[in-house]
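Asks: work-v1.txt is the file, holding compact mmCIF, C-alpha atoms:
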```txt
# COMPACT_ATOMS: atom_id res chain seq x y z
CA MET A 17 -16.08 7.15 -10.04
CA ASN A 18 -19.50 5.49 -10.19
CA GLU A 19 -18.31 3.43 -13.16
CA CYS A 20 -15.21 2.13 -11.38
CA LEU A 21 -14.76 -0.88 -9.10
CA ALA A 22 -11.91 -1.17 -6.60
CA VAL A 23 -10.20 -4.49 -5.87
CA ILE A 24 -7.83 -4.60 -2.88
CA LEU A 25 -5.46 -7.57 -2.71
CA GLY A 26 -5.32 -9.07 0.76
CA GLY A 27 -1.75 -10.31 0.35
CA GLY A 28 -0.03 -13.66 0.53
CA ARG A 29 1.58 -15.34 3.52
CA GLY A 30 3.41 -12.16 4.54
CA THR A 31 6.57 -14.02 5.51
CA ARG A 32 8.67 -10.83 5.49
CA LEU A 33 6.40 -9.39 8.21
CA PHE A 34 6.58 -12.49 10.41
CA PRO A 35 5.81 -12.77 13.34
CA LEU A 36 3.29 -9.92 12.97
CA THR A 37 1.57 -12.05 10.32
CA HIS A 38 1.65 -15.30 12.28
CA GLN A 39 -2.00 -14.91 13.33
CA ARG A 40 -3.23 -12.25 10.89
CA SER A 41 -2.92 -11.25 7.24
CA LYS A 42 -0.72 -8.32 6.21
CA PRO A 43 -3.61 -5.87 5.68
CA ALA A 44 -4.83 -6.59 9.23
CA VAL A 45 -1.52 -5.54 10.85
CA PRO A 46 -1.99 -2.44 13.07
CA ILE A 47 -0.56 0.91 11.96
CA GLY A 48 -0.39 4.28 13.70
CA GLY A 49 -1.65 3.02 17.05
CA LYS A 50 -5.35 2.57 16.23
CA TYR A 51 -5.65 1.73 12.52
CA ARG A 52 -4.97 -1.32 10.35
CA LEU A 53 -3.11 -1.29 7.05
CA ILE A 54 -6.30 -2.14 5.12
CA ASP A 55 -7.82 1.16 6.32
CA ILE A 56 -5.37 3.09 4.12
CA PRO A 57 -6.46 1.89 0.64
CA ILE A 58 -10.13 1.79 1.67
CA SER A 59 -9.95 5.37 2.97
CA ASN A 60 -8.21 6.48 -0.24
CA CYS A 61 -11.10 4.94 -2.18
CA LEU A 62 -13.79 6.56 -0.04
CA ASN A 63 -12.05 9.95 -0.19
CA SER A 64 -11.98 9.58 -3.99
CA SER A 65 -15.74 8.89 -4.09
CA LEU A 66 -15.05 5.26 -5.05
CA ARG A 67 -17.51 3.30 -2.94
CA ARG A 68 -17.73 -0.17 -4.46
CA ILE A 69 -14.80 -2.10 -3.02
CA PHE A 70 -13.84 -5.77 -3.03
CA VAL A 71 -11.13 -7.16 -0.72
CA LEU A 72 -9.56 -10.44 -1.87
CA THR A 73 -8.38 -12.55 1.06
CA GLN A 74 -6.70 -15.92 1.54
CA TYR A 75 -4.25 -16.37 4.45
CA ASN A 76 -5.12 -15.78 8.12
CA SER A 77 -8.13 -13.75 7.05
CA GLU A 78 -10.40 -14.04 10.12
CA SER A 79 -9.05 -10.92 11.85
CA LEU A 80 -9.25 -8.92 8.61
CA ASN A 81 -12.77 -10.14 7.82
CA LYS A 82 -13.96 -9.21 11.31
CA HIS A 83 -12.45 -5.74 11.07
CA LEU A 84 -14.05 -5.07 7.68
CA SER A 85 -17.49 -6.28 8.71
CA MET A 86 -17.47 -4.19 11.90
CA THR A 87 -16.08 -1.03 10.29
CA TYR A 88 -17.42 -0.37 6.81
CA LYS A 89 -21.21 -0.20 6.95
CA PHE A 90 -23.14 1.95 4.50
CA ASP A 91 -26.66 3.27 4.12
CA VAL A 92 -29.05 0.53 2.96
CA PHE A 93 -30.27 2.86 0.21
CA SER A 94 -26.73 3.27 -1.17
CA SER A 95 -24.94 1.07 -3.69
CA ALA A 96 -21.72 1.39 -1.66
CA PHE A 97 -20.10 -1.73 -0.20
CA VAL A 98 -16.86 -3.23 1.08
CA THR A 99 -17.12 -6.95 0.35
CA VAL A 100 -14.70 -9.76 1.13
CA LEU A 101 -13.96 -12.23 -1.67
CA ALA A 102 -12.23 -15.17 -0.01
CA ALA A 103 -10.15 -17.64 -2.00
CA GLU A 104 -12.37 -20.53 -2.98
CA GLN A 105 -11.87 -23.82 -4.74
CA THR A 106 -14.16 -24.29 -7.73
CA GLU A 107 -14.64 -26.79 -10.54
CA ASP A 108 -12.73 -24.43 -12.84
CA SER A 109 -9.86 -23.80 -10.42
CA PRO A 110 -9.09 -26.12 -7.49
CA GLU A 111 -5.93 -24.13 -6.61
CA TRP A 112 -5.53 -21.28 -4.13
CA PHE A 113 -4.39 -17.86 -5.40
CA GLN A 114 -1.00 -18.19 -7.09
CA GLY A 115 -0.25 -14.45 -7.43
CA THR A 116 -1.85 -11.02 -7.67
CA ALA A 117 -3.22 -11.47 -11.19
CA ASP A 118 -4.30 -15.03 -10.48
CA ALA A 119 -6.28 -13.79 -7.45
CA VAL A 120 -8.17 -11.36 -9.68
CA ARG A 121 -8.62 -13.98 -12.40
CA GLN A 122 -10.17 -16.46 -9.97
CA SER A 123 -12.53 -13.73 -8.72
CA MET A 124 -13.59 -12.48 -12.14
CA ARG A 125 -17.01 -14.11 -12.10
CA HIS A 126 -17.85 -12.09 -9.00
CA LEU A 127 -16.28 -8.86 -10.27
CA MET A 128 -17.95 -9.06 -13.68
CA SER A 129 -21.38 -9.42 -12.09
CA HIS A 130 -21.17 -5.70 -11.27
CA SER A 131 -21.40 -3.02 -13.94
CA SER A 132 -18.13 -1.16 -14.43
CA ARG A 133 -16.08 0.64 -17.03
CA GLU A 134 -12.77 0.43 -15.13
CA LEU A 135 -11.34 -1.66 -12.32
CA LEU A 136 -8.73 -0.31 -9.90
CA ILE A 137 -6.34 -2.89 -8.44
CA LEU A 138 -4.73 -1.95 -5.11
CA SER A 139 -2.41 -3.49 -2.55
CA GLY A 140 -3.54 -3.91 1.04
CA ASP A 141 -0.17 -3.22 2.69
CA GLN A 142 0.94 0.23 1.54
CA LEU A 143 0.97 3.61 3.29
CA TYR A 144 0.09 6.57 1.05
CA GLN A 145 -2.59 9.11 0.16
CA MET A 146 -3.86 9.37 -3.41
CA ASP A 147 -6.87 10.83 -5.19
CA PHE A 148 -7.85 8.05 -7.58
CA ARG A 149 -10.02 10.48 -9.54
CA LYS A 150 -6.82 11.96 -10.96
CA MET A 151 -5.63 8.49 -11.97
CA LEU A 152 -8.97 7.84 -13.66
CA ASP A 153 -8.59 11.13 -15.54
CA THR A 154 -5.12 10.06 -16.76
CA HIS A 155 -6.49 6.69 -17.82
CA ARG A 156 -9.41 8.08 -19.81
CA ARG A 157 -7.59 11.09 -21.26
CA HIS A 158 -5.04 8.80 -22.90
CA ALA A 159 -7.62 6.16 -23.83
CA ALA A 160 -5.43 3.63 -22.03
CA ASP A 161 -6.07 -0.07 -21.70
CA ALA A 162 -4.14 -0.08 -18.43
CA THR A 163 -2.61 2.64 -16.25
CA VAL A 164 0.14 2.13 -13.67
CA ALA A 165 0.74 4.55 -10.78
CA VAL A 166 4.47 5.38 -10.66
CA LEU A 167 6.87 7.48 -8.61
CA PRO A 168 10.54 8.51 -8.99
CA VAL A 169 13.17 6.45 -7.16
CA SER A 170 16.94 6.67 -6.88
CA ALA A 171 19.26 4.22 -8.63
CA SER A 172 20.02 2.57 -5.28
CA GLN A 173 16.32 1.75 -4.79
CA THR A 174 15.63 0.19 -8.19
CA ALA A 175 16.52 -3.38 -7.17
CA GLY A 176 13.44 -3.56 -4.96
CA TYR A 177 10.82 -2.42 -7.47
CA GLY A 178 9.38 -2.94 -10.91
CA ILE A 179 11.13 -0.25 -13.00
CA LEU A 180 9.53 1.13 -16.13
CA LYS A 181 10.46 3.46 -18.95
CA VAL A 182 8.05 5.96 -20.51
CA ASP A 183 8.01 7.96 -23.73
CA ARG A 184 7.27 11.70 -23.99
CA GLU A 185 3.53 11.10 -23.69
CA GLY A 186 3.90 9.02 -20.53
CA ARG A 187 3.20 5.74 -22.29
CA ILE A 188 5.10 2.81 -20.79
CA VAL A 189 7.43 1.28 -23.36
CA GLU A 190 9.55 -0.98 -21.11
CA PHE A 191 8.94 -2.69 -17.78
CA GLU A 192 11.36 -4.84 -15.81
CA GLU A 193 10.79 -6.36 -12.40
CA LYS A 194 13.70 -5.67 -9.98
CA PRO A 195 16.37 -5.07 -12.64
CA GLY A 196 20.07 -5.63 -12.03
CA PRO A 197 22.59 -2.77 -12.22
CA GLU A 198 23.59 -3.71 -15.76
CA ARG A 199 20.05 -2.94 -17.00
CA LEU A 200 19.60 0.50 -15.44
CA ALA A 201 21.16 2.59 -18.22
CA GLY A 202 18.38 1.58 -20.60
CA LEU A 203 15.54 2.25 -18.16
CA GLU A 204 15.93 5.98 -17.47
CA SER A 205 13.00 8.29 -18.28
CA ASP A 206 12.34 12.01 -18.49
CA ILE A 207 10.13 12.62 -15.46
CA PRO A 208 7.95 15.78 -15.34
CA GLY A 209 9.16 18.14 -12.62
CA TYR A 210 11.97 15.76 -11.67
CA GLY A 211 14.34 15.47 -14.61
CA ARG A 212 16.01 12.32 -15.83
CA GLY A 213 15.72 9.33 -13.54
CA PHE A 214 14.01 6.07 -12.74
CA LEU A 215 10.31 5.33 -12.31
CA ALA A 216 9.01 2.57 -10.04
CA SER A 217 5.62 0.91 -10.13
CA MET A 218 3.60 1.50 -6.97
CA GLY A 219 1.63 -1.72 -7.46
CA ILE A 220 -1.50 0.33 -8.22
CA TYR A 221 -3.17 -0.50 -11.54
CA MET A 222 -6.26 0.69 -13.39
CA PHE A 223 -7.65 -1.43 -16.21
CA SER A 224 -10.49 -1.00 -18.62
CA ARG A 225 -12.97 -3.78 -18.10
CA GLU A 226 -12.17 -5.35 -21.48
CA ALA A 227 -8.39 -5.20 -20.95
CA LEU A 228 -8.66 -6.89 -17.56
CA GLU A 229 -10.88 -9.61 -19.00
CA ARG A 230 -8.24 -10.27 -21.70
CA ALA A 231 -5.43 -10.41 -19.12
CA ALA A 232 -7.45 -12.67 -16.84
CA SER A 233 -8.17 -15.12 -19.64
CA ASP A 234 -4.56 -16.36 -19.64
CA PRO A 235 -3.83 -18.50 -16.54
CA ALA A 236 -0.09 -18.31 -17.27
CA LEU A 237 -0.13 -14.63 -16.25
CA VAL A 238 -0.17 -15.04 -12.47
CA ASP A 239 1.29 -11.70 -11.32
CA PHE A 240 0.61 -8.13 -12.45
CA GLY A 241 4.17 -6.86 -12.04
CA ARG A 242 6.03 -9.87 -13.43
CA ASN A 243 3.58 -10.99 -16.10
CA VAL A 244 0.51 -8.92 -16.96
CA ILE A 245 2.03 -5.44 -17.36
CA PRO A 246 5.14 -6.56 -19.34
CA ASN A 247 2.90 -8.69 -21.57
CA ALA A 248 0.46 -5.81 -22.20
CA ILE A 249 3.08 -3.23 -23.20
CA SER A 250 3.70 -4.68 -26.64
CA GLY A 251 0.11 -4.78 -27.88
CA GLN A 252 -1.90 -2.40 -25.69
CA ARG A 253 -1.65 1.17 -24.46
CA VAL A 254 -0.24 1.10 -20.93
CA GLN A 255 -0.02 4.58 -19.43
CA ALA A 256 1.93 5.92 -16.45
CA HIS A 257 0.19 8.03 -13.80
CA PHE A 258 2.79 10.12 -11.92
CA HIS A 259 2.55 10.34 -8.14
CA SER A 260 4.74 12.79 -6.24
CA GLY A 261 3.60 12.29 -2.66
CA TYR A 262 4.68 9.94 0.11
CA TRP A 263 4.37 6.21 -0.52
CA GLU A 264 5.78 3.31 1.45
CA ASP A 265 5.44 -0.42 0.96
CA VAL A 266 5.41 -1.68 4.54
CA GLY A 267 6.04 -5.29 3.60
CA THR A 268 9.09 -5.86 5.84
CA ILE A 269 9.67 -5.53 9.58
CA ARG A 270 12.20 -2.73 9.00
CA SER A 271 9.93 -0.67 6.71
CA TYR A 272 6.93 -1.26 9.00
CA TYR A 273 8.89 -0.20 12.10
CA GLU A 274 10.33 2.94 10.49
CA ALA A 275 7.03 3.99 8.89
CA ASN A 276 5.36 3.88 12.30
CA LEU A 277 8.09 5.80 14.10
CA GLN A 278 8.03 8.51 11.41
CA LEU A 279 4.47 9.22 12.50
CA CYS A 280 5.96 10.59 15.75
CA ASP A 281 7.86 13.33 13.90
CA PRO A 282 6.63 16.96 14.11
CA MET A 283 5.76 16.89 10.39
CA PRO A 284 5.25 13.21 9.54
CA PRO A 285 5.41 12.22 5.86
CA PHE A 286 2.01 10.55 6.16
CA ASP A 287 -0.73 12.83 7.51
CA PHE A 288 -3.39 11.22 9.68
CA TYR A 289 -4.55 14.73 10.64
CA ASP A 290 -5.80 15.90 7.24
CA ALA A 291 -9.49 16.65 7.77
CA ALA A 292 -10.08 16.69 4.01
CA ARG A 293 -8.70 13.14 3.68
CA PRO A 294 -9.61 11.26 6.87
CA VAL A 295 -8.45 7.73 7.50
CA TYR A 296 -11.37 5.58 8.62
CA THR A 297 -11.24 2.68 11.03
CA HIS A 298 -13.41 0.78 13.49
CA PRO A 299 -15.02 3.13 16.06
CA ARG A 300 -14.30 1.48 19.39
CA PHE A 301 -15.84 3.99 21.83
CA LEU A 302 -12.90 3.71 24.21
CA PRO A 303 -12.24 6.04 27.15
CA ALA A 304 -9.45 8.61 27.05
CA THR A 305 -5.97 7.38 27.93
CA LYS A 306 -5.11 7.85 31.61
CA VAL A 307 -1.63 9.37 32.06
CA GLN A 308 -0.23 9.76 35.57
CA GLY A 309 3.27 11.03 36.33
CA CYS A 310 4.64 10.21 32.86
CA ALA A 311 7.29 11.86 30.71
CA LEU A 312 6.24 11.82 27.05
CA SER A 313 8.44 12.97 24.18
CA SER A 314 7.54 12.65 20.46
CA ALA A 315 4.99 9.98 21.32
CA LEU A 316 1.79 8.89 19.62
CA VAL A 317 -0.63 7.64 22.30
CA SER A 318 -3.91 5.99 21.30
CA GLU A 319 -7.09 5.94 23.36
CA GLY A 320 -8.04 3.55 26.12
CA GLY A 321 -4.58 3.22 27.68
CA ILE A 322 -3.35 3.39 31.28
CA LEU A 323 0.17 4.84 31.60
CA MET A 324 1.49 5.09 35.15
CA GLY A 325 4.79 6.86 35.83
CA ALA A 326 6.34 5.76 32.54
CA GLU A 327 8.93 7.45 30.35
CA ILE A 328 8.02 7.24 26.64
CA GLU A 329 10.23 8.60 23.88
CA ARG A 330 9.57 8.50 20.10
CA SER A 331 7.20 5.58 20.35
CA VAL A 332 3.74 4.61 19.16
CA ILE A 333 1.41 3.38 21.90
CA GLY A 334 -1.63 1.43 20.71
CA ILE A 335 -5.18 1.15 22.04
CA ARG A 336 -5.77 -0.23 25.57
CA SER A 337 -2.03 -0.21 26.34
CA ARG A 338 -1.07 -0.67 29.98
CA ILE A 339 2.44 0.47 30.93
CA GLY A 340 3.62 0.25 34.54
CA GLN A 341 5.41 2.55 36.96
CA GLY A 342 9.06 3.30 36.21
CA THR A 343 9.04 1.67 32.78
CA ARG A 344 11.00 3.25 29.94
CA VAL A 345 9.85 2.84 26.32
CA ARG A 346 12.13 4.27 23.62
CA HIS A 347 11.93 4.02 19.81
CA SER A 348 9.36 1.25 20.07
CA LEU A 349 5.90 0.19 18.95
CA VAL A 350 3.48 -1.03 21.59
CA LEU A 351 0.47 -2.27 19.65
CA GLY A 352 -1.84 -2.46 22.67
CA ALA A 353 -4.58 -4.98 23.40
CA ASP A 354 -7.90 -6.26 22.08
CA TYR A 355 -9.49 -6.34 25.55
CA TYR A 356 -9.17 -5.23 29.15
CA GLU A 357 -8.34 -7.79 31.81
CA SER A 358 -10.52 -7.71 34.91
CA LEU A 359 -8.91 -7.94 38.36
CA GLU A 360 -10.14 -11.54 38.61
CA GLU A 361 -8.53 -12.40 35.26
CA ILE A 362 -5.26 -10.80 36.35
CA ASP A 363 -5.28 -12.86 39.56
CA ARG A 364 -5.94 -16.08 37.62
CA ALA A 365 -3.14 -15.30 35.17
CA GLN A 366 -0.69 -14.58 37.99
CA ALA A 367 -1.66 -17.85 39.67
CA MET A 368 -0.50 -19.56 36.47
CA GLY A 369 2.75 -17.59 36.49
CA LEU A 370 1.67 -15.14 33.77
CA PRO A 371 2.11 -11.37 34.04
CA PRO A 372 -0.88 -9.17 33.18
CA VAL A 373 -1.50 -8.05 29.59
CA GLY A 374 0.69 -5.02 28.98
CA ILE A 375 4.14 -4.00 30.21
CA GLY A 376 4.98 -4.34 33.90
CA GLN A 377 6.75 -1.81 36.10
CA ASP A 378 10.48 -1.01 36.02
CA SER A 379 10.98 -2.48 32.54
CA VAL A 380 13.05 -1.11 29.65
CA ILE A 381 11.80 -1.46 26.06
CA GLU A 382 14.09 -0.13 23.31
CA ARG A 383 13.90 -0.57 19.52
CA ALA A 384 11.19 -3.18 19.85
CA ILE A 385 7.70 -4.10 18.69
CA VAL A 386 5.36 -5.43 21.38
CA ASP A 387 2.38 -6.95 19.60
CA LYS A 388 -1.22 -7.01 20.84
CA ASN A 389 -2.19 -8.85 24.02
CA ALA A 390 1.46 -9.52 24.89
CA ARG A 391 2.39 -10.00 28.54
CA VAL A 392 5.68 -8.38 29.51
CA GLY A 393 6.52 -8.78 33.20
CA ARG A 394 8.23 -6.58 35.76
CA GLY A 395 11.88 -5.64 35.53
CA VAL A 396 12.19 -6.86 31.95
CA ARG A 397 14.92 -5.50 29.67
CA ILE A 398 14.24 -5.71 25.93
CA VAL A 399 17.28 -3.96 24.45
CA ASN A 400 18.87 -6.50 22.08
CA ALA A 401 22.04 -6.40 24.16
CA GLU A 402 23.84 -8.78 21.78
CA GLY A 403 23.08 -6.62 18.74
CA ALA A 404 21.60 -9.64 16.93
CA GLN A 405 20.03 -9.08 13.51
CA GLU A 406 18.14 -12.38 13.21
CA LYS A 407 17.31 -14.60 16.17
CA ASP A 408 14.47 -16.66 17.65
CA GLY A 409 14.22 -16.93 21.42
CA PRO A 410 11.74 -17.92 24.14
CA GLY A 411 8.77 -15.59 23.66
CA TYR A 412 10.45 -13.29 21.16
CA PHE A 413 11.93 -12.93 17.68
CA ILE A 414 14.59 -10.57 16.32
CA ARG A 415 14.27 -9.40 12.72
CA ASP A 416 16.40 -6.65 11.16
CA GLY A 417 17.83 -5.97 14.63
CA ILE A 418 14.35 -5.23 16.03
CA VAL A 419 13.05 -7.32 18.93
CA ILE A 420 9.45 -8.47 18.41
CA VAL A 421 7.24 -9.88 21.13
CA PRO A 422 4.50 -11.65 19.14
CA LYS A 423 0.76 -11.41 19.65
CA SER A 424 -0.20 -12.94 23.03
CA GLY A 425 3.50 -13.56 23.69
CA VAL A 426 4.83 -13.86 27.26
CA ILE A 427 8.07 -12.40 28.66
CA PRO A 428 8.44 -13.35 32.36
CA ASP A 429 9.55 -11.05 35.17
CA GLY A 430 13.22 -10.11 35.09
CA ALA A 431 13.90 -11.45 31.58
CA VAL A 432 16.70 -9.82 29.58
CA ILE A 433 16.66 -9.85 25.77
```
Kindly transcribe the structure held in the file into structure tokens.

Replies:
Amino acid sequence: MNECLAVILGGGRGTRLFPLTHQRSKPAVPIGGKYRLIDIPISNCLNSSLRRIFVLTQYNSESLNKHLSMTYKFDVFSSAFVTVLAAEQTEDSPEWFQGTADAVRQSMRHLMSHSSRELLILSGDQLYQMDFRKMLDTHRRHAADATVAVLPVSASQTAGYGILKVDREGRIVEFEEKPGPERLAGLESDIPGYGRGFLASMGIYMFSREALERAASDPALVDFGRNVIPNAISGQRVQAHFHSGYWEDVGTIRSYYEANLQLCDPMPPFDFYDAARPVYTHPRFLPATKVQGCALSSALVSEGGILMGAEIERSVIGIRSRIGQGTRVRHSLVLGADYYESLEEIDRAQAMGLPPVGIGQDSVIERAIVDKNARVGRGVRIVNAEGAQEKDGPGYFIRDGIVIVPKSGVIPDGAVI
């Protein structure tokens, strides 16, 4: 992997993850209580011995940049690095990134300054585990110009993905972005170990250096899925790399919520406990979580929290979470806090009519996401009593039927949502 560079796309505006992306980029959104989404592709790279990594950023990137700079530090005698390439206006291109391929094209002068034989293009908002050495083997064994990681999907899922068709050697012969039902009959493939079915692109691409330079030379090709891959099929060898493990694109509130709650299952589909494939993140040196008189069931509780007499069921509790006496949290994500409030800070906040950071006593939180540094008062009921699917209210949002208290949001004592 010493001849390969990794490029992780920092994502666009992330509107489908709003309000979680109101103050941060998609890859900076917390996952699993103590990690961020960007930790997943970076950890996959490091576990695959791929240690030269660029992260392309544009929107709300401060939180992501800070996390990367504080987390991924390597030996000064090593060539390893995780480097941010922020969108920049130049004489050649005064525009911001217009799509995934355009982001890479505008960064080519930085990427090409490093020696490489292949470049691996990754998304920053997916949850999966993959050994990229196997993908590199597929790419080189077939002398491919480009290789696309793919996985089987059902017919009902095809409308949400780029669907491709392969020949007997695994070469991609057709590619269509989010095809309609009338197109499906012509897109079935024979899938090894699966039978006849549909293959979806995972948004993971490996290019030879020369092939990527050719693709990047055409400014009309702004997106890999919609433009670059379909354009390359006719004149270049584009190979499929089959992936059979868990993969989830957590680009919507619903998929993000469900992917987190699945981590509470006895055998979660994504394994944070695999010692051979650790997931790295910022070491915070927090104390153990203090639990007093609580009832915990299928819960994931991160370090640094203070839980007093609470009932927590199938929920993910983030770092530095404070949950008060008699509070019930069910099927919810509590993302925690970036800091601890001192007693003096709590007194000042209360003098201004603000509850402390965390969740106050005797509250009920069900099917909700409470973002970092939120202040939820005493006796609050967040239960979506009206069954709303989409709604904006004072201090909260409802998306896909899930109530979201945004980062640093405030829900006063006694409020009912």

Asks: Quick one: of A:Gly202, A:Pro303, A:Pro35, A:Gly48, who's nearest to Gly334 (chain A), counting all atoms listed in the file?

Replies: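 Result for the nearest residue to Gly334 (chain A): A:Gly48.
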
Asks: List the neighbours of Gln39 (chain A) out to 12 Å using only C-alpha atoms; skip same-chain residues closer than 6 positions along the sequence, and give me the result as an mmCIF file with C-alpha atoms, in the frame of the given file.

Replies:
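Result went into part03.cif, see below:
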```
data_model
loop_
_atom_site.group_PDB
_atom_site.id
_atom_site.type_symbol
_atom_site.label_atom_id
_atom_site.label_comp_id
_atom_site.auth_asym_id
_atom_site.auth_seq_id
_atom_site.Cartn_x
_atom_site.Cartn_y
_atom_site.Cartn_z
ATOM 1 C CA ARG A 29 1.580 -15.340 3.520
ATOM 2 C CA GLY A 30 3.410 -12.160 4.540
ATOM 3 C CA THR A 31 6.570 -14.020 5.510
ATOM 4 C CA LEU A 33 6.400 -9.390 8.210
ATOM 5 C CA VAL A 45 -1.520 -5.540 10.850
ATOM 6 C CA TYR A 75 -4.250 -16.370 4.450
ATOM 7 C CA ASN A 76 -5.120 -15.780 8.120
ATOM 8 C CA SER A 77 -8.130 -13.750 7.050
ATOM 9 C CA GLU A 78 -10.400 -14.040 10.120
ATOM 10 C CA SER A 79 -9.050 -10.920 11.850
ATOM 11 C CA LEU A 80 -9.250 -8.920 8.610
ATOM 12 C CA ASP A 387 2.380 -6.950 19.600
ATOM 13 C CA LYS A 388 -1.220 -7.010 20.840
ATOM 14 C CA PRO A 422 4.500 -11.650 19.140
ATOM 15 C CA LYS A 423 0.760 -11.410 19.650
ATOM 16 C CA SER A 424 -0.200 -12.940 23.030
ATOM 17 C CA GLY A 425 3.500 -13.560 23.690
#
```

Asks: Kindly indicate which residue among A:Val307, A:Met86, A:Met146, A:Leu72 lies nearest to Ser41 (chain A), using only C-alpha atoms for the distances.

Replies: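 Nearest candidate to Ser41 (chain A) out of A:Val307, A:Met86, A:Met146, A:Leu72: A:Leu72.
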
Asks: So, counting only C-alpha atoms, which residue among A:Asp363, A:Asp161, A:Asp265, A:Asp153 is closest to Gln252 (chain A)?

Replies: A:Asp161

Asks: Could you work out how far CA of Asn18 (chain A) lies from CA of Lys89 (chain A), giving the answer in Å with one decimal?

Replies: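 Computing it gives 18.1 Å between the two atoms.
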
Asks: Please determine, counting only C-alpha atoms, which residue among A:Val392, A:Leu21, A:Val189, A:Met124 has the shortest atom-to-atom distance to Arg230 (chain A).

Replies: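 Checking each candidate against Arg230 (chain A), we get A:Met124 as the closest.
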
Asks: Any idea what the distance is between CA of Asn247 (chain A) and CA of Lys181 (chain A)?

Replies: 14.5 Å

Asks: Separation of CA of Asp281 (chain A) and CA of Gly176 (chain A), in Å?

Replies: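 Pair CA of Asp281 (chain A) / CA of Gly176 (chain A) returns 25.9 Å.
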
Asks: Region 125-178 of chain A near region 57-60 of chain A within 12 Å: what's each residue's closest atom pair and its distance in Å to one decimal, counting all atoms listed in the file, ordered by chain then ascending residue number, as a Markdown table?

Replies:
```
| residue | atom | partner | partner_atom | distance |
| --- | --- | --- | --- | --- |
| A:Leu136 | CA | A:Pro57 | CA | 11.0 |
| A:Ile137 | CA | A:Pro57 | CA | 10.3 |
| A:Leu138 | CA | A:Pro57 | CA | 7.1 |
| A:Ser139 | CA | A:Pro57 | CA | 7.5 |
| A:Gly140 | CA | A:Pro57 | CA | 6.5 |
| A:Asp141 | CA | A:Pro57 | CA | 8.4 |
| A:Gln142 | CA | A:Pro57 | CA | 7.6 |
| A:Leu143 | CA | A:Pro57 | CA | 8.1 |
| A:Tyr144 | CA | A:Pro57 | CA | 8.1 |
| A:Gln145 | CA | A:Asn60 | CA | 6.2 |
| A:Met146 | CA | A:Asn60 | CA | 6.1 |
| A:Asp147 | CA | A:Asn60 | CA | 6.7 |
| A:Phe148 | CA | A:Asn60 | CA | 7.5 |
| A:Arg149 | CA | A:Asn60 | CA | 10.3 |
```

Asks: Which one of A:Ile245, A:Val71, A:Val332, A:Leu302 sits closest to His347 (chain A) if you count only C-alpha atoms?

Replies: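 Answer, going by the shortest atom-to-atom distance: A:Val332.
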
Asks: Rank nothing, just name the residue among A:Val421, A:Leu36, A:Ala248, A:Leu135 nearest to Met222 (chain A), using only C-alpha atoms.

Replies: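 Once distances to Met222 (chain A) are computed over only C-alpha atoms, the minimum belongs to A:Leu135.
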
Asks: When you look at region 287-299 of chain A with a cut-off of 12 Å (counting all atoms listed in the file), what residues show up, excluding the ones that are within fewer than 4 positions of it in the same chain? I need them as a ChimeraX atom specification.

Replies: /A:44,46-65,80,82-89,143-147,261-263,275-276,278-283,303,316,319,335

Asks: Let's have the selection written as a short mmCIF file (atom, residue, chain, number, x, y, z; two decimals), keeping the file's coordinate frame, with C-alpha atoms.

Replies:
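Saved file result-v4.cif follows:
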```
data_model
loop_
_atom_site.label_atom_id
_atom_site.label_comp_id
_atom_site.auth_asym_id
_atom_site.auth_seq_id
_atom_site.Cartn_x
_atom_site.Cartn_y
_atom_site.Cartn_z
CA ALA A 44 -4.83 -6.59 9.23
CA PRO A 46 -1.99 -2.44 13.07
CA ILE A 47 -0.56 0.91 11.96
CA GLY A 48 -0.39 4.28 13.70
CA GLY A 49 -1.65 3.02 17.05
CA LYS A 50 -5.35 2.57 16.23
CA TYR A 51 -5.65 1.73 12.52
CA ARG A 52 -4.97 -1.32 10.35
CA LEU A 53 -3.11 -1.29 7.05
CA ILE A 54 -6.30 -2.14 5.12
CA ASP A 55 -7.82 1.16 6.32
CA ILE A 56 -5.37 3.09 4.12
CA PRO A 57 -6.46 1.89 0.64
CA ILE A 58 -10.13 1.79 1.67
CA SER A 59 -9.95 5.37 2.97
CA ASN A 60 -8.21 6.48 -0.24
CA CYS A 61 -11.10 4.94 -2.18
CA LEU A 62 -13.79 6.56 -0.04
CA ASN A 63 -12.05 9.95 -0.19
CA SER A 64 -11.98 9.58 -3.99
CA SER A 65 -15.74 8.89 -4.09
CA LEU A 80 -9.25 -8.92 8.61
CA LYS A 82 -13.96 -9.21 11.31
CA HIS A 83 -12.45 -5.74 11.07
CA LEU A 84 -14.05 -5.07 7.68
CA SER A 85 -17.49 -6.28 8.71
CA MET A 86 -17.47 -4.19 11.90
CA THR A 87 -16.08 -1.03 10.29
CA TYR A 88 -17.42 -0.37 6.81
CA LYS A 89 -21.21 -0.20 6.95
CA LEU A 143 0.97 3.61 3.29
CA TYR A 144 0.09 6.57 1.05
CA GLN A 145 -2.59 9.11 0.16
CA MET A 146 -3.86 9.37 -3.41
CA ASP A 147 -6.87 10.83 -5.19
CA GLY A 261 3.60 12.29 -2.66
CA TYR A 262 4.68 9.94 0.11
CA TRP A 263 4.37 6.21 -0.52
CA ALA A 275 7.03 3.99 8.89
CA ASN A 276 5.36 3.88 12.30
CA GLN A 278 8.03 8.51 11.41
CA LEU A 279 4.47 9.22 12.50
CA CYS A 280 5.96 10.59 15.75
CA ASP A 281 7.86 13.33 13.90
CA PRO A 282 6.63 16.96 14.11
CA MET A 283 5.76 16.89 10.39
CA PRO A 303 -12.24 6.04 27.15
CA LEU A 316 1.79 8.89 19.62
CA GLU A 319 -7.09 5.94 23.36
CA ILE A 335 -5.18 1.15 22.04
#
```
